[in-house]
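Q: The structure under discussion is supplied below as structure tokens; questions concerning it will follow.
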Amino acid sequence: MEATIYKVLWVDDQEEIVAGYQFQAGLRNIQLIHKADWASAKEILEEEFDELSAIILDAHCKLDAKSPAFEFFLGQAAADLQVAFGKKQKLIPWYVLSNGTMNNF
């Protein structure tokens with residue numbers, strides 16, 4: 001019997017944070033798909049929406065590859081997720097994993 005693979009989209013501009021979880025995730029049949037900015041993550045969200053099991057967001061991340069980390073990243077990402085969920089008529093659990101950089105959220 002084949003084990004279920006859980007695909008998790010993780011958006012964080014600090015690759016080393018995600019890399020620290022790759023081994024443990026693999027042991028639990030979790031495939032972490034790391035993206036360093038929201039524009040790249042949205043492409044995965046559109047292309048692989050039905051295959052995703054969860055989404056992890058950093059609270060203070062980049063909107064695109066050329067921009068610096070954005071204080072209001074999480075608000076933009078949450079709004080875009082709601083649109084995607086409405087379009088697909090399906091929810092994907094999403095979580096915020098942050099080292100305390102979020103203000104006024």
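Numbering starts fresh at 1 for the residues of each chain in the structure tokens, the chains themselves are lettered A, B, ... in the order given, and ligands are numbered from 1 as they appear.
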Need the shell around Lys90 of chain A: protein/DNA/RNA residues with any atom at most 12 Å away, counting only C-alpha atoms. Skip same-chain ones fewer than 2 positions apart. Format as number ranges by chain?

A: A: 49-53, 81-88, 92-93

Q: Please write the residues from the selection above to a file, keeping N, CA, C and O atoms, as a JSON list (two decimals), in the first residue's frame.

A:
[["chain", "number", "residue", "atom", "x", "y", "z"],
["A", 49, "PHE", "N", -3.39, 23.63, -6.82],
["A", 49, "PHE", "CA", -4.35, 23.88, -5.75],
["A", 49, "PHE", "C", -4.95, 22.59, -5.19],
["A", 49, "PHE", "O", -4.96, 22.37, -3.98],
["A", 50, "ASP", "N", -5.45, 21.74, -6.06],
["A", 50, "ASP", "CA", -6.14, 20.53, -5.60],
["A", 50, "ASP", "C", -5.22, 19.50, -4.97],
["A", 50, "ASP", "O", -5.68, 18.57, -4.31],
["A", 51, "GLU", "N", -3.93, 19.65, -5.15],
["A", 51, "GLU", "CA", -2.96, 18.72, -4.58],
["A", 51, "GLU", "C", -2.40, 19.18, -3.24],
["A", 51, "GLU", "O", -1.74, 18.42, -2.53],
["A", 52, "LEU", "N", -2.62, 20.44, -2.89],
["A", 52, "LEU", "CA", -2.06, 20.99, -1.66],
["A", 52, "LEU", "C", -2.85, 20.56, -0.44],
["A", 52, "LEU", "O", -4.08, 20.58, -0.45],
["A", 53, "SER", "N", -2.14, 20.21, 0.62],
["A", 53, "SER", "CA", -2.76, 19.82, 1.88],
["A", 53, "SER", "C", -2.80, 20.97, 2.88],
["A", 53, "SER", "O", -3.66, 21.02, 3.75],
["A", 81, "LEU", "N", -5.69, 34.43, -0.78],
["A", 81, "LEU", "CA", -6.13, 33.07, -0.46],
["A", 81, "LEU", "C", -7.65, 32.98, -0.44],
["A", 81, "LEU", "O", -8.23, 32.01, -0.96],
["A", 82, "GLN", "N", -8.31, 33.98, 0.12],
["A", 82, "GLN", "CA", -9.77, 33.96, 0.17],
["A", 82, "GLN", "C", -10.37, 33.97, -1.23],
["A", 82, "GLN", "O", -11.35, 33.28, -1.51],
["A", 83, "VAL", "N", -9.76, 34.72, -2.13],
["A", 83, "VAL", "CA", -10.21, 34.74, -3.53],
["A", 83, "VAL", "C", -10.03, 33.36, -4.15],
["A", 83, "VAL", "O", -10.93, 32.83, -4.81],
["A", 84, "ALA", "N", -8.87, 32.75, -3.94],
["A", 84, "ALA", "CA", -8.59, 31.42, -4.50],
["A", 84, "ALA", "C", -9.56, 30.39, -3.94],
["A", 84, "ALA", "O", -10.08, 29.54, -4.68],
["A", 85, "PHE", "N", -9.82, 30.45, -2.64],
["A", 85, "PHE", "CA", -10.74, 29.49, -2.02],
["A", 85, "PHE", "C", -12.15, 29.66, -2.59],
["A", 85, "PHE", "O", -12.85, 28.68, -2.83],
["A", 86, "GLY", "N", -12.57, 30.90, -2.79],
["A", 86, "GLY", "CA", -13.88, 31.15, -3.37],
["A", 86, "GLY", "C", -13.98, 30.65, -4.80],
["A", 86, "GLY", "O", -14.98, 30.07, -5.20],
["A", 87, "LYS", "N", -12.94, 30.88, -5.57],
["A", 87, "LYS", "CA", -12.92, 30.45, -6.97],
["A", 87, "LYS", "C", -12.99, 28.93, -7.08],
["A", 87, "LYS", "O", -13.70, 28.39, -7.92],
["A", 88, "LYS", "N", -12.27, 28.24, -6.21],
["A", 88, "LYS", "CA", -12.23, 26.77, -6.25],
["A", 88, "LYS", "C", -13.33, 26.12, -5.40],
["A", 88, "LYS", "O", -13.53, 24.91, -5.48],
["A", 92, "ILE", "N", -8.17, 25.33, 1.96],
["A", 92, "ILE", "CA", -6.94, 24.65, 2.33],
["A", 92, "ILE", "C", -6.51, 25.27, 3.66],
["A", 92, "ILE", "O", -6.44, 26.50, 3.76],
["A", 93, "PRO", "N", -6.22, 24.45, 4.66],
["A", 93, "PRO", "CA", -5.77, 25.05, 5.92],
["A", 93, "PRO", "C", -4.48, 25.84, 5.71],
["A", 93, "PRO", "O", -3.59, 25.42, 4.98]]

Q: Any chance you could tabulate, as a Markdown table, the residues of segment 66-98 of chain A at most 12 Å from segment 13-24 of chain A with each one's nearest atom pair and distance in Å to one decimal, using only C-alpha atoms, in chain and rising number order?

A:
| residue | atom | partner | partner_atom | distance |
| --- | --- | --- | --- | --- |
| A:Lys66 | CA | A:Asp13 | CA | 11.6 |
| A:Ser67 | CA | A:Asp13 | CA | 10.8 |
| A:Pro68 | CA | A:Asp13 | CA | 9.4 |
| A:Ala69 | CA | A:Asp13 | CA | 7.7 |
| A:Phe70 | CA | A:Asp13 | CA | 10.6 |
| A:Phe73 | CA | A:Asp13 | CA | 11.4 |
| A:Leu97 | CA | A:Ile17 | CA | 10.2 |
| A:Ser98 | CA | A:Ile17 | CA | 10.1 |

Q: Deliver the residues from the most recent selection as a file, using N, CA and C atoms, as a JSON list (two decimals), in the first residue's frame.

A:
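Writing done, so here's selection_35.json:
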[["chain", "number", "residue", "atom", "x", "y", "z"],
["A", 66, "LYS", "N", 11.69, 40.71, -6.55],
["A", 66, "LYS", "CA", 12.46, 41.95, -6.61],
["A", 66, "LYS", "C", 12.20, 42.89, -5.43],
["A", 67, "SER", "N", 11.18, 42.62, -4.65],
["A", 67, "SER", "CA", 10.83, 43.54, -3.57],
["A", 67, "SER", "C", 11.44, 43.09, -2.24],
["A", 68, "PRO", "N", 11.60, 44.04, -1.31],
["A", 68, "PRO", "CA", 12.05, 43.65, 0.03],
["A", 68, "PRO", "C", 10.88, 43.03, 0.79],
["A", 69, "ALA", "N", 11.18, 42.45, 1.94],
["A", 69, "ALA", "CA", 10.13, 41.91, 2.79],
["A", 69, "ALA", "C", 9.14, 43.04, 3.10],
["A", 70, "PHE", "N", 7.86, 42.70, 3.12],
["A", 70, "PHE", "CA", 6.79, 43.68, 3.21],
["A", 70, "PHE", "C", 6.02, 43.50, 4.50],
["A", 73, "PHE", "N", 2.58, 41.92, 4.12],
["A", 73, "PHE", "CA", 2.55, 40.71, 3.30],
["A", 73, "PHE", "C", 1.40, 39.80, 3.69],
["A", 97, "LEU", "N", 3.67, 30.94, 10.49],
["A", 97, "LEU", "CA", 4.82, 30.53, 11.30],
["A", 97, "LEU", "C", 5.83, 31.66, 11.17],
["A", 98, "SER", "N", 6.02, 32.40, 12.26],
["A", 98, "SER", "CA", 6.83, 33.59, 12.18],
["A", 98, "SER", "C", 7.66, 33.75, 13.45]]

Q: Write down as a ChimeraX atom specification the residues of chain A whose backbone DSSP state falls under helix (DSSP H, G or I).

A: /A:15-27,38-51,73-88

Q: Please measure the separation of atom CA of Ala25 of chain A and atom CA of Leu63 of chain A, giving the value in Å to one decimal.

A: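 Taking atom CA of Ala25 of chain A as the start and atom CA of Leu63 of chain A as the end point, the length is 25.6 Å.
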
Q: Mind listing the strand (DSSP E) residues of chain A, per DSSP on the backbone, as a ChimeraX atom specification?

A: /A:6-11,30-35,52-57,61-62,69-70,94-96

Q: Select, from A:Ile44, A:Ala79, A:Leu74, A:Thr4, the residue with the minimum atom-to-atom distance to Cys61 of chain A, counting only C-alpha atoms.

A: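 Result for the nearest residue to Cys61 of chain A: A:Leu74.
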
Q: Which residues are close to Glu48 of chain A, i.e. within 12 Å by only C-alpha atoms, leaving aside same-chain residues fewer than 6 positions away? Reply as a compact mmCIF listing (two decimals) with N, CA and C atoms, in the first residue's frame.

A:
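And here is the file that came out, out_5.txt:
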# COMPACT_ATOMS: atom_id res chain seq x y z
N LYS A 7 1.30 17.54 0.41
CA LYS A 7 2.03 18.66 -0.19
C LYS A 7 1.71 19.92 0.59
N VAL A 8 2.75 20.58 1.05
CA VAL A 8 2.60 21.81 1.83
C VAL A 8 3.38 22.92 1.14
N LEU A 9 2.68 23.97 0.78
CA LEU A 9 3.29 25.16 0.20
C LEU A 9 3.76 26.05 1.35
N ILE A 33 7.01 22.48 -0.40
CA ILE A 33 7.27 23.24 -1.61
C ILE A 33 7.58 24.67 -1.16
N ALA A 41 4.61 31.84 -5.11
CA ALA A 41 3.70 30.95 -4.39
C ALA A 41 2.32 30.91 -5.05
N LYS A 42 1.87 32.06 -5.54
CA LYS A 42 0.56 32.11 -6.20
C LYS A 42 0.54 31.24 -7.46
N ALA A 54 -1.83 21.89 2.77
CA ALA A 54 -1.75 23.02 3.70
C ALA A 54 -0.83 24.08 3.12
N ILE A 55 -0.90 25.26 3.73
CA ILE A 55 -0.05 26.39 3.34
C ILE A 55 0.53 26.99 4.62
N ALA A 84 -8.87 32.75 -3.94
CA ALA A 84 -8.59 31.42 -4.50
C ALA A 84 -9.56 30.39 -3.94
N LYS A 88 -12.27 28.24 -6.21
CA LYS A 88 -12.23 26.77 -6.25
C LYS A 88 -13.33 26.12 -5.40
N ILE A 92 -8.17 25.33 1.96
CA ILE A 92 -6.94 24.65 2.33
C ILE A 92 -6.51 25.27 3.66

Q: At a cut-off of 10 Å, using only C-alpha atoms, what residues contact Ala3 of chain A? Leave out same-chain residues fewer than 2 positions from it and give the result as a ChimeraX atom specification.

A: /A:1,5-6,28-29

Q: How many Å lie between atom CA of Asp64 of chain A and atom CA of Trp38 of chain A, rounded to one decimal?

A: 5.8 Å

Q: So how far away is atom CA of Ile56 of chain A from atom CA of Ala36 of chain A, in Å?

A: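 We find that atom CA of Ala36 of chain A and atom CA of Ile56 of chain A lie 11.8 Å from each other.
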
Q: Taking only C-alpha atoms into account, name the residue in A:Glu2, A:Ala65, A:Phe72, A:Asp12 that is nearest to Ser40 of chain A.

A: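 Of A:Glu2, A:Ala65, A:Phe72, A:Asp12, the one nearest Ser40 of chain A, counting only C-alpha atoms, is A:Ala65.
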